[in-house]
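A.B. asks: I have a structure here, written as structure tokens, and I will follow up with some questions on it.
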Amino acid sequence: MELIGYLFIFLGVLAFVVSAIGLLRMPDLYTRMHVGTKSTTIGTLLVIVGVIFIEPQWFLKLSLIVIFILLTNPLSSSVIARATHRDGLTLKNDEMKEITK
Amino acid sequence: MFNIAIVILSSALLLTLYRFLKGPTLSDRIVAFDVLSIMSISLLVLLSLHFQRELYLDIALVFGLISFLGATLFARYIEKGV
């Protein structure tokens, strides 16, 4: 049981590393946001599922954290993206702009 | 096992902190701040597993709430000003 839990924890931590490398490598804000919000959500979910496997008596509080993250994380990233778009930032490699030109 | 997971997670935190300090625009810093706060929620969960303290889970929950409020407030600041 503990081994399965640590397997989930390692998968989640690897998702965090992928997200951090993507934050460094991606060229502009929207792609960075794509990497930075999706893979951190799945990373947190995997880490918490692993902790549930190791300590099953904490199920209630951990599932509360999971529900809270699933509700708020897409919301905050959507709000940041909308605010940046209204502020007037465009994509770095905007292919649609050259097509419609 | 636990130590390796903590080391990998801290390296991810350091890489994100570099983007937070360097980031060219304000929005980059806000996204990096969001990612940092979510990573520290799972760091708190792992620490509560290590020290066997259930109290840290409450701290993780409150920290998630505060960080969501912070990201939303900064986005509102970009859009409409103070």
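Just remember, in the structure tokens the first chain shown is A, the second B, etc., residues are 1-based per chain, and ligands are 1-based in the order shown.
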Show me, as a VMD selection string, the residues of chain A whose atoms get within 7 Å of chain B, using only C-alpha atoms for the distance check.

C.D. replies: chain A and resid 10 13 16 to 17 20 23 to 24 29 33 36 to 37 40 44 47 61 65 72 76 79 to 80 83 to 84 86 to 87

A.B. asks: What is the distance between CA of Ser63 in chain A and CA of Leu45 in chain A, in Å to one decimal?

C.D. replies: 9.6 Å

A.B. asks: Got a sec to tell me which of chain A DSSP assigns to alpha helix (DSSP H), as a ChimeraX atom specification?

C.D. replies: /A:2-25,29-54,59-87,95-100

A.B. asks: Could you tell me how far CA of Ala15 in chain A lies from CA of Leu62 in chain A, in Å and to one decimal?

C.D. replies: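 For CA of Ala15 in chain A relative to CA of Leu62 in chain A, the distance reads 19.2 Å.
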
A.B. asks: So how far away is CA of Asn3 in chain B from CA of Ile67 in chain A, in Å?

C.D. replies: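 Distance between the two atoms: 27.4 Å.
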